[in-house]
>>> print(open('entry-v4.txt').read())   # compact mmCIF, C-alpha atoms
# COMPACT_ATOMS: atom_id res chain seq x y z
CA GLY A 14 183.24 54.44 119.77
CA GLN A 15 185.19 57.61 120.18
CA GLN A 16 188.08 57.38 122.60
CA VAL A 17 189.76 60.21 124.39
CA MET A 18 192.88 60.52 126.46
CA GLN A 19 192.87 62.85 129.39
CA ILE A 20 195.98 64.26 131.02
CA PRO A 21 197.16 64.53 133.66
CA GLN A 22 195.52 61.70 135.56
CA TYR A 23 196.26 63.33 138.91
CA GLN A 24 197.11 66.87 139.88
CA HIS A 25 197.88 68.37 143.26
CA VAL A 26 197.88 72.14 143.45
CA GLN A 27 198.24 74.68 146.20
CA GLU A 28 195.10 76.66 146.79
CA GLY A 29 195.25 79.76 144.63
CA GLU A 30 197.28 78.13 141.86
CA ASP A 31 195.90 77.56 138.40
CA PHE A 32 195.02 74.13 137.02
CA THR A 33 194.56 72.78 133.51
CA THR A 34 193.40 69.40 132.26
CA TYR A 35 193.57 68.32 128.64
CA CYS A 36 191.44 65.99 126.61
CA ASN A 37 192.80 64.60 123.34
CA SER A 38 191.10 62.57 120.67
CA SER A 39 192.53 60.80 117.65
CA THR A 40 189.39 61.59 115.69
CA THR A 41 187.43 64.75 115.04
CA LEU A 42 184.70 65.22 117.59
CA SER A 43 181.23 66.55 116.91
CA ASN A 44 181.09 68.01 120.39
CA ILE A 45 182.59 67.53 123.79
CA GLN A 46 181.16 67.72 127.25
CA TRP A 47 182.83 68.23 130.60
CA TYR A 48 181.65 66.76 133.88
CA LYS A 49 182.80 67.09 137.46
CA GLN A 50 182.55 64.40 140.11
CA ARG A 51 183.08 65.48 143.70
CA PRO A 52 184.53 62.88 146.09
CA GLY A 53 181.75 60.49 147.02
CA GLY A 54 179.41 62.05 144.50
CA HIS A 55 178.18 61.47 141.01
CA PRO A 56 179.27 63.17 137.78
CA VAL A 57 177.59 66.48 137.14
CA PHE A 58 177.43 68.17 133.75
CA LEU A 59 179.47 71.37 133.48
CA ILE A 60 179.41 72.45 129.86
CA GLN A 61 179.25 71.42 126.23
CA LEU A 62 181.44 72.72 123.42
CA VAL A 63 180.36 72.37 119.82
CA LYS A 64 182.13 74.87 117.58
CA SER A 65 185.72 74.77 116.41
CA GLY A 66 187.86 77.06 118.59
CA GLU A 67 184.99 77.69 120.97
CA VAL A 68 185.82 79.17 124.36
CA LYS A 69 183.32 79.26 127.20
CA LYS A 70 183.71 80.59 130.70
CA GLN A 71 182.00 79.78 133.93
CA LYS A 72 183.36 82.05 136.65
CA ARG A 73 186.91 80.76 137.23
CA LEU A 74 186.54 77.90 134.74
CA THR A 75 187.52 78.32 131.09
CA PHE A 76 186.69 75.62 128.57
CA GLN A 77 188.21 75.48 125.11
CA PHE A 78 187.59 73.35 122.04
CA GLY A 79 190.50 73.04 119.64
CA GLU A 80 190.41 74.41 116.13
CA ALA A 81 190.54 70.91 114.68
CA LYS A 82 187.93 69.69 117.20
CA LYS A 83 190.29 66.97 118.35
CA ASN A 84 191.18 68.36 121.73
CA SER A 85 189.74 70.33 124.55
CA SER A 86 190.94 71.87 127.77
CA LEU A 87 189.55 72.99 131.09
CA HIS A 88 191.44 75.68 132.95
CA ILE A 89 190.68 76.73 136.50
CA THR A 90 192.05 80.04 137.68
CA ALA A 91 193.02 80.45 141.33
CA THR A 92 191.82 77.07 142.54
CA GLN A 93 189.77 76.78 145.69
CA THR A 94 189.15 73.76 147.90
CA THR A 95 185.67 73.53 146.42
CA ASP A 96 187.28 72.65 143.08
CA VAL A 97 188.43 69.28 144.44
CA GLY A 98 187.12 66.37 142.43
CA THR A 99 187.55 64.45 139.21
CA TYR A 100 186.98 66.22 135.93
CA PHE A 101 185.86 64.12 132.99
CA CYS A 102 185.64 64.97 129.34
CA ALA A 103 183.14 63.08 127.24
CA PRO A 104 182.96 63.21 123.48
CA GLY A 105 179.38 63.35 122.32
CA GLY A 106 178.67 60.59 119.90
CA TYR A 107 175.70 58.91 118.44
CA GLN A 108 176.69 55.35 119.17
CA LYS A 109 178.74 55.39 122.27
CA VAL A 110 179.57 57.80 124.98
CA THR A 111 183.01 57.21 126.30
CA PHE A 112 184.29 59.17 129.21
CA GLY A 113 187.96 59.76 129.64
CA ILE A 114 189.61 58.39 132.76
CA GLY A 115 189.36 61.84 134.23
CA THR A 116 191.75 64.13 136.01
CA LYS A 117 191.67 63.94 139.78
CA LEU A 118 192.33 67.34 141.28
CA GLN A 119 193.50 67.78 144.85
CA VAL A 120 193.72 71.29 146.25
CA ILE A 121 196.00 71.79 149.20
CA PRO A 122 194.75 74.56 151.48
CA ASP B 102 169.39 66.48 142.84
CA SER B 103 169.60 65.29 139.23
CA GLY B 104 166.14 63.75 139.17
CA VAL B 105 167.59 60.29 138.47
CA THR B 106 167.01 57.76 141.20
CA GLN B 107 168.86 54.54 141.80
CA THR B 108 168.15 51.74 144.23
CA PRO B 109 169.56 50.30 146.32
CA LYS B 110 172.21 52.71 147.48
CA HIS B 111 174.42 49.94 148.82
CA LEU B 112 174.48 46.25 148.12
CA ILE B 113 176.66 43.62 149.74
CA THR B 114 176.58 40.12 148.39
CA ALA B 115 178.69 37.03 147.92
CA THR B 116 180.54 35.66 144.93
CA GLY B 117 178.39 33.62 142.60
CA GLN B 118 175.23 35.52 143.47
CA ARG B 119 172.97 37.57 141.24
CA VAL B 120 171.76 41.11 141.89
CA THR B 121 169.51 43.63 140.22
CA LEU B 122 170.13 47.35 140.22
CA ARG B 123 167.30 49.68 139.46
CA CYS B 124 167.23 53.12 137.86
CA SER B 125 164.45 55.61 137.24
CA PRO B 126 165.34 58.31 134.73
CA ARG B 127 164.44 61.97 134.93
CA SER B 128 160.87 62.68 133.98
CA GLY B 129 160.65 62.88 130.20
CA ASP B 130 164.07 61.38 129.48
CA LEU B 131 164.01 58.47 127.06
CA SER B 132 167.62 57.27 127.24
CA VAL B 133 169.20 55.40 130.10
CA TYR B 134 172.91 54.66 130.36
CA TRP B 135 174.72 52.34 132.74
CA TYR B 136 178.29 52.87 133.87
CA GLN B 137 180.70 51.01 136.11
CA GLN B 138 183.25 52.91 138.16
CA SER B 139 185.88 50.93 140.04
CA LEU B 140 188.21 52.47 142.60
CA ASP B 141 190.30 55.18 140.96
CA GLN B 142 188.99 54.22 137.55
CA GLY B 143 187.13 56.22 135.02
CA LEU B 144 183.58 55.69 134.04
CA GLN B 145 183.27 52.53 132.00
CA PHE B 146 180.28 52.68 129.72
CA LEU B 147 178.26 49.48 129.86
CA ILE B 148 175.09 49.92 127.86
CA GLN B 149 172.50 52.42 126.65
CA TYR B 150 168.77 51.99 126.17
CA TYR B 151 166.54 54.38 124.31
CA ASN B 152 162.78 54.15 124.65
CA GLY B 153 162.93 50.48 125.55
CA GLU B 154 165.43 49.38 122.93
CA GLU B 155 169.12 48.70 123.29
CA ARG B 156 170.93 51.56 121.58
CA ALA B 157 174.62 51.10 122.25
CA LYS B 158 176.81 48.59 123.96
CA GLY B 159 180.10 49.17 125.70
CA ASN B 160 182.35 46.87 127.65
CA ILE B 161 179.54 44.93 129.23
CA LEU B 162 180.31 41.40 130.35
CA GLU B 163 178.14 38.51 129.22
CA ARG B 164 177.24 37.92 132.87
CA PHE B 165 175.62 41.34 132.90
CA SER B 166 172.37 42.25 131.21
CA ALA B 167 170.01 45.17 131.25
CA GLN B 168 166.60 46.19 130.07
CA GLN B 169 164.40 49.23 129.91
CA PHE B 170 160.73 48.82 130.68
CA PRO B 171 157.71 50.55 129.12
CA ASP B 172 157.63 53.05 131.98
CA LEU B 173 161.28 53.81 131.04
CA HIS B 174 162.85 52.62 134.26
CA SER B 175 165.81 50.34 133.75
CA GLU B 176 167.36 47.41 135.53
CA LEU B 177 170.91 46.12 135.38
CA ASN B 178 171.28 42.46 136.23
CA LEU B 179 174.64 41.17 137.37
CA SER B 180 175.04 37.43 137.73
CA SER B 181 177.72 34.95 138.80
CA LEU B 182 179.28 37.80 140.68
CA GLU B 183 183.02 37.94 141.14
CA LEU B 184 185.14 39.95 143.54
CA GLY B 185 186.19 42.19 140.67
CA ASP B 186 182.61 43.26 140.10
CA SER B 187 182.75 45.34 143.26
CA ALA B 188 182.29 48.88 142.06
CA LEU B 189 180.04 51.89 141.92
CA TYR B 190 177.36 51.52 139.30
CA PHE B 191 175.89 54.71 137.91
CA CYS B 192 172.82 55.17 135.85
CA ALA B 193 172.39 58.30 133.77
CA SER B 194 169.55 59.54 131.65
CA SER B 195 169.22 61.95 128.78
CA ALA B 196 166.37 63.38 126.79
CA THR B 197 167.02 61.66 123.48
CA GLN B 198 169.48 59.28 121.84
CA GLY B 199 172.69 61.14 122.34
CA LEU B 200 174.99 63.15 120.07
CA ALA B 201 174.71 66.36 122.06
CA ASP B 202 172.62 65.27 124.99
CA THR B 203 173.54 66.15 128.52
CA GLN B 204 173.60 63.12 130.78
CA TYR B 205 172.13 63.38 134.25
CA PHE B 206 173.61 60.92 136.68
CA GLY B 207 171.98 59.20 139.58
CA PRO B 208 173.66 58.85 142.97
CA GLY B 209 174.93 55.38 142.16
CA THR B 210 174.70 51.93 143.70
CA ARG B 211 177.77 50.73 145.54
CA LEU B 212 178.14 46.98 145.06
CA THR B 213 180.45 45.02 147.31
CA VAL B 214 181.08 41.39 146.46
CA LEU B 215 182.61 39.39 149.30
>>> encode(input="entry-v4.txt", output="C-alpha cells")
Amino acid sequence: GQQVMQIPQYQHVQEGEDFTTYCNSSTTLSNIQWYKQRPGGHPVFLIQLVKSGEVKKQKRLTFQFGEAKKNSSLHITATQTTDVGTYFCAPGGYQKVTFGIGTKLQVIP
Amino acid sequence: DSGVTQTPKHLITATGQRVTLRCSPRSGDLSVYWYQQSLDQGLQFLIQYYNGEERAKGNILERFSAQQFPDLHSELNLSSLELGDSALYFCASSATQGLADTQYFGPGTRLTVL
C-alpha cells in the first residue's frame, strides 16, 4: 500500500498565526485526500486533490498537490481555536488506504 | 452526522475475552473500512470490505476478523483480547471500491480492555 509521512507530528501556534502541515510520499499518488479529526471526534473529509500542482481553497484553508504528485500541503491562515484537531492526509489507492499519522494542531488563545 | 452508525459506543471487557463491534454504512455505500486508533496514534487501517467481499487487508491481527453481511452492515470481531487492544475503533464507508472515494467515518467504538 501507499505510505505517506506527515510532518510535523505536533504543532502549537498562537491564535492568529499561520500553520502548515506537509504530507510526503515516496511514490507518485493518484490523488490525495485531507481529513480533520476534532478532539473526541471522528475524521471528517475536507478535500480531495487530483491534478498535478492543484491548489484548492476553503476559506482560510489552502490545499496544494505537488507538481510530481508526491507531496501535498495544508496551510491555514490566521488560525482560530476552532482549527484545533488532528489533520490527516490519505493517499487514494485502489488496494489500501493508508492515513498518515496526522498533525495535531493546538491553538493557544 | 456522517450517516455511518457504530455500536456500541463504549465497551469495557477483560483480557482473554471476545467482542463484536458493529457498523452500518451510509445508505447506498458498498464499501466498509475498519480502523484502529490508539492514544496519540494515527489511523491504522485494518480491513476493507466491498459488497460483501474482502477487498483489502491492512495490519489486522489474526485474532481479529471481520465480515460484511448481505445488508452491507459489517462486524469486527476481536478475540483473545489483550491490554494493547484498547483503542478507538472506527468504521468508515464509501460509495465504491476506493481510488478516489471519500470515506465517511462513524463515531467510533471505544474499547477498554482491563
>>> interface_residues(input="entry-v4.txt", of="chain A", to="chain B", cutoff="12 Å", atoms="all atoms listed in the file", output="ChimeraX atom specification")
/A:14-19,22-23,42-63,98-117
>>> write_last_selection(input="entry-v4.txt", atoms="C-alpha atoms", output="PDB file, in the coordinates of the input")
ATOM      1  CA  GLY A  14     183.240  54.440 119.770  1.00  0.00           C
ATOM      2  CA  GLN A  15     185.190  57.610 120.180  1.00  0.00           C
ATOM      3  CA  GLN A  16     188.080  57.380 122.600  1.00  0.00           C
ATOM      4  CA  VAL A  17     189.760  60.210 124.390  1.00  0.00           C
ATOM      5  CA  MET A  18     192.880  60.520 126.460  1.00  0.00           C
ATOM      6  CA  GLN A  19     192.870  62.850 129.390  1.00  0.00           C
ATOM      7  CA  GLN A  22     195.520  61.700 135.560  1.00  0.00           C
ATOM      8  CA  TYR A  23     196.260  63.330 138.910  1.00  0.00           C
ATOM      9  CA  LEU A  42     184.700  65.220 117.590  1.00  0.00           C
ATOM     10  CA  SER A  43     181.230  66.550 116.910  1.00  0.00           C
ATOM     11  CA  ASN A  44     181.090  68.010 120.390  1.00  0.00           C
ATOM     12  CA  ILE A  45     182.590  67.530 123.790  1.00  0.00           C
ATOM     13  CA  GLN A  46     181.160  67.720 127.250  1.00  0.00           C
ATOM     14  CA  TRP A  47     182.830  68.230 130.600  1.00  0.00           C
ATOM     15  CA  TYR A  48     181.650  66.760 133.880  1.00  0.00           C
ATOM     16  CA  LYS A  49     182.800  67.090 137.460  1.00  0.00           C
ATOM     17  CA  GLN A  50     182.550  64.400 140.110  1.00  0.00           C
ATOM     18  CA  ARG A  51     183.080  65.480 143.700  1.00  0.00           C
ATOM     19  CA  PRO A  52     184.530  62.880 146.090  1.00  0.00           C
ATOM     20  CA  GLY A  53     181.750  60.490 147.020  1.00  0.00           C
ATOM     21  CA  GLY A  54     179.410  62.050 144.500  1.00  0.00           C
ATOM     22  CA  HIS A  55     178.180  61.470 141.010  1.00  0.00           C
ATOM     23  CA  PRO A  56     179.270  63.170 137.780  1.00  0.00           C
ATOM     24  CA  VAL A  57     177.590  66.480 137.140  1.00  0.00           C
ATOM     25  CA  PHE A  58     177.430  68.170 133.750  1.00  0.00           C
ATOM     26  CA  LEU A  59     179.470  71.370 133.480  1.00  0.00           C
ATOM     27  CA  ILE A  60     179.410  72.450 129.860  1.00  0.00           C
ATOM     28  CA  GLN A  61     179.250  71.420 126.230  1.00  0.00           C
ATOM     29  CA  LEU A  62     181.440  72.720 123.420  1.00  0.00           C
ATOM     30  CA  VAL A  63     180.360  72.370 119.820  1.00  0.00           C
ATOM     31  CA  GLY A  98     187.120  66.370 142.430  1.00  0.00           C
ATOM     32  CA  THR A  99     187.550  64.450 139.210  1.00  0.00           C
ATOM     33  CA  TYR A 100     186.980  66.220 135.930  1.00  0.00           C
ATOM     34  CA  PHE A 101     185.860  64.120 132.990  1.00  0.00           C
ATOM     35  CA  CYS A 102     185.640  64.970 129.340  1.00  0.00           C
ATOM     36  CA  ALA A 103     183.140  63.080 127.240  1.00  0.00           C
ATOM     37  CA  PRO A 104     182.960  63.210 123.480  1.00  0.00           C
ATOM     38  CA  GLY A 105     179.380  63.350 122.320  1.00  0.00           C
ATOM     39  CA  GLY A 106     178.670  60.590 119.900  1.00  0.00           C
ATOM     40  CA  TYR A 107     175.700  58.910 118.440  1.00  0.00           C
ATOM     41  CA  GLN A 108     176.690  55.350 119.170  1.00  0.00           C
ATOM     42  CA  LYS A 109     178.740  55.390 122.270  1.00  0.00           C
ATOM     43  CA  VAL A 110     179.570  57.800 124.980  1.00  0.00           C
ATOM     44  CA  THR A 111     183.010  57.210 126.300  1.00  0.00           C
ATOM     45  CA  PHE A 112     184.290  59.170 129.210  1.00  0.00           C
ATOM     46  CA  GLY A 113     187.960  59.760 129.640  1.00  0.00           C
ATOM     47  CA  ILE A 114     189.610  58.390 132.760  1.00  0.00           C
ATOM     48  CA  GLY A 115     189.360  61.840 134.230  1.00  0.00           C
ATOM     49  CA  THR A 116     191.750  64.130 136.010  1.00  0.00           C
ATOM     50  CA  LYS A 117     191.670  63.940 139.780  1.00  0.00           C
TER      51      LYS A 117
END
>>> residues_around(input="entry-v4.txt", residues="Val26 of chain A", least_positions_apart="2", cutoff="8 Å", atoms="all atoms listed in the file", output="list in words")
Gln24, Glu28, Glu30, Asp31, Phe32, Thr92, Leu118, Gln119, Val120 and Ile121 of chain A
>>> write_last_selection(input="entry-v4.txt", atoms="C-alpha atoms", output="compact mmCIF listing (two decimals), in the frame of the given file")
# COMPACT_ATOMS: atom_id res chain seq x y z
CA GLN A 24 197.11 66.87 139.88
CA GLU A 28 195.10 76.66 146.79
CA GLU A 30 197.28 78.13 141.86
CA ASP A 31 195.90 77.56 138.40
CA PHE A 32 195.02 74.13 137.02
CA THR A 92 191.82 77.07 142.54
CA LEU A 118 192.33 67.34 141.28
CA GLN A 119 193.50 67.78 144.85
CA VAL A 120 193.72 71.29 146.25
CA ILE A 121 196.00 71.79 149.20
>>> atom_distance(input="entry-v4.txt", atom1="atom CA of Ser180 of chain B", atom2="atom CA of Gly117 of chain B")
7.0 Å
>>> atom_distance(input="entry-v4.txt", atom1="atom CA of Ala196 of chain B", atom2="atom CA of Asp96 of chain A")
28.1 Å
>>> closest_residue(input="entry-v4.txt", among="B:Ser125, B:Gln169, B:Asn160, B:Ser187", to="Ile113 of chain B", atoms="only C-alpha atoms")
B:Ser187
>>> closest_residue(input="entry-v4.txt", among="A:Lys82, A:His25, A:Arg73, A:Lys64", to="Asn37 of chain A", atoms="only C-alpha atoms")
A:Lys82
>>> closest_residue(input="entry-v4.txt", among="B:Ala115, B:Leu212, B:Leu173, B:Val120", to="Ser132 of chain B", atoms="all atoms listed in the file")
B:Leu173
>>> closest_residue(input="entry-v4.txt", among="B:His174, B:Arg211, B:Arg127, B:Arg164", to="Tyr190 of chain B", atoms="only C-alpha atoms")
B:Arg211
>>> atom_distance(input="entry-v4.txt", atom1="atom CA of Leu179 of chain B", atom2="atom CA of Ser166 of chain B")
6.7 Å
>>> residues_near_point(input="entry-v4.txt", point="(183.2, 36.3, 143.1)", cutoff="7 Å", atoms="all atoms listed in the file", output="list in words")
Ala115, Thr116, Gly117, Leu182, Glu183, Leu184, Val214 and Leu215 of chain B
>>> residues_around(input="entry-v4.txt", residues="Arg123 of chain B", least_positions_apart="4", cutoff="6 Å", atoms="all atoms listed in the file", output="number ranges by chain")
B: 107-108, 175-176
>>> closest_residue(input="entry-v4.txt", among="A:Pro122, A:Asn84, A:Glu67, A:Thr94", to="Ile20 of chain A", atoms="all atoms listed in the file")
A:Asn84
>>> closest_residue(input="entry-v4.txt", among="B:Leu177, B:His111, B:Ser194, B:Thr121", to="Val133 of chain B", atoms="all atoms listed in the file")
B:Ser194
>>> decode(input="entry-v4.txt", residues="segment 29-106 of chain A", atoms="C-alpha atoms", output="compact mmCIF listing (two decimals), in the first residue's frame")
# COMPACT_ATOMS: atom_id res chain seq x y z
CA GLY A 29 -3.83 34.29 14.60
CA GLU A 30 -0.61 32.64 13.42
CA ASP A 31 -0.41 30.60 10.26
CA PHE A 32 0.01 26.83 10.22
CA THR A 33 1.22 24.37 7.60
CA THR A 34 1.34 20.60 7.56
CA TYR A 35 3.10 18.56 4.90
CA CYS A 36 2.43 15.14 3.50
CA ASN A 37 5.19 13.34 1.61
CA SER A 38 5.10 10.13 -0.35
CA SER A 39 7.90 8.08 -1.86
CA THR A 40 5.66 7.13 -4.76
CA THR A 41 3.51 9.10 -7.16
CA LEU A 42 -0.03 9.40 -5.90
CA SER A 43 -3.16 9.22 -8.00
CA ASN A 44 -4.91 11.56 -5.62
CA ILE A 45 -4.77 12.69 -2.04
CA GLN A 46 -7.42 13.47 0.49
CA TRP A 47 -7.31 15.52 3.65
CA TYR A 48 -9.34 14.84 6.78
CA LYS A 49 -9.74 16.63 10.08
CA GLN A 50 -10.44 14.99 13.41
CA ARG A 51 -11.56 17.24 16.23
CA PRO A 52 -10.64 16.16 19.78
CA GLY A 53 -13.02 13.40 20.79
CA GLY A 54 -14.48 13.23 17.31
CA HIS A 55 -14.13 11.21 14.17
CA PRO A 56 -12.25 12.07 10.98
CA VAL A 57 -14.19 14.27 8.59
CA PHE A 58 -13.38 14.66 4.92
CA LEU A 59 -12.08 18.09 3.94
CA ILE A 60 -10.95 17.91 0.34
CA GLN A 61 -9.51 15.80 -2.44
CA LEU A 62 -6.71 16.81 -4.81
CA VAL A 63 -6.23 15.01 -8.09
CA LYS A 64 -4.29 17.13 -10.57
CA SER A 65 -0.58 17.87 -10.54
CA GLY A 66 0.05 21.30 -9.00
CA GLU A 67 -3.57 21.65 -7.98
CA VAL A 68 -4.43 24.30 -5.41
CA LYS A 69 -7.79 24.44 -3.68
CA LYS A 70 -9.05 26.84 -1.07
CA GLN A 71 -11.67 26.56 1.60
CA LYS A 72 -11.94 29.89 3.41
CA ARG A 73 -8.71 30.10 5.43
CA LEU A 74 -7.51 26.65 4.34
CA THR A 75 -5.31 26.21 1.26
CA PHE A 76 -4.54 22.75 -0.05
CA GLN A 77 -1.82 22.05 -2.58
CA PHE A 78 -0.77 18.99 -4.55
CA GLY A 79 2.83 18.93 -5.70
CA GLU A 80 3.82 19.02 -9.34
CA ALA A 81 5.21 15.50 -9.13
CA LYS A 82 2.14 14.33 -7.17
CA LYS A 83 4.37 13.05 -4.40
CA ASN A 84 3.60 15.64 -1.78
CA SER A 85 0.82 17.80 -0.53
CA SER A 86 0.34 20.57 1.97
CA LEU A 87 -2.40 22.14 4.01
CA HIS A 88 -1.96 25.75 5.05
CA ILE A 89 -4.22 27.53 7.49
CA THR A 90 -4.10 31.30 7.55
CA ALA A 91 -4.71 33.13 10.82
CA THR A 92 -5.58 30.11 12.92
CA GLN A 93 -8.58 30.14 15.20
CA THR A 94 -9.37 27.95 18.19
CA THR A 95 -11.89 26.12 16.03
CA ASP A 96 -8.98 24.83 13.93
CA VAL A 97 -7.79 22.64 16.82
CA GLY A 98 -7.61 18.98 15.90
CA THR A 99 -5.60 16.42 14.00
CA TYR A 100 -5.21 16.77 10.27
CA PHE A 101 -4.66 13.61 8.26
CA CYS A 102 -3.64 13.16 4.68
CA ALA A 103 -4.70 9.99 2.93
CA PRO A 104 -3.45 8.87 -0.45
CA GLY A 105 -6.26 7.44 -2.50
CA GLY A 106 -5.41 4.00 -3.68
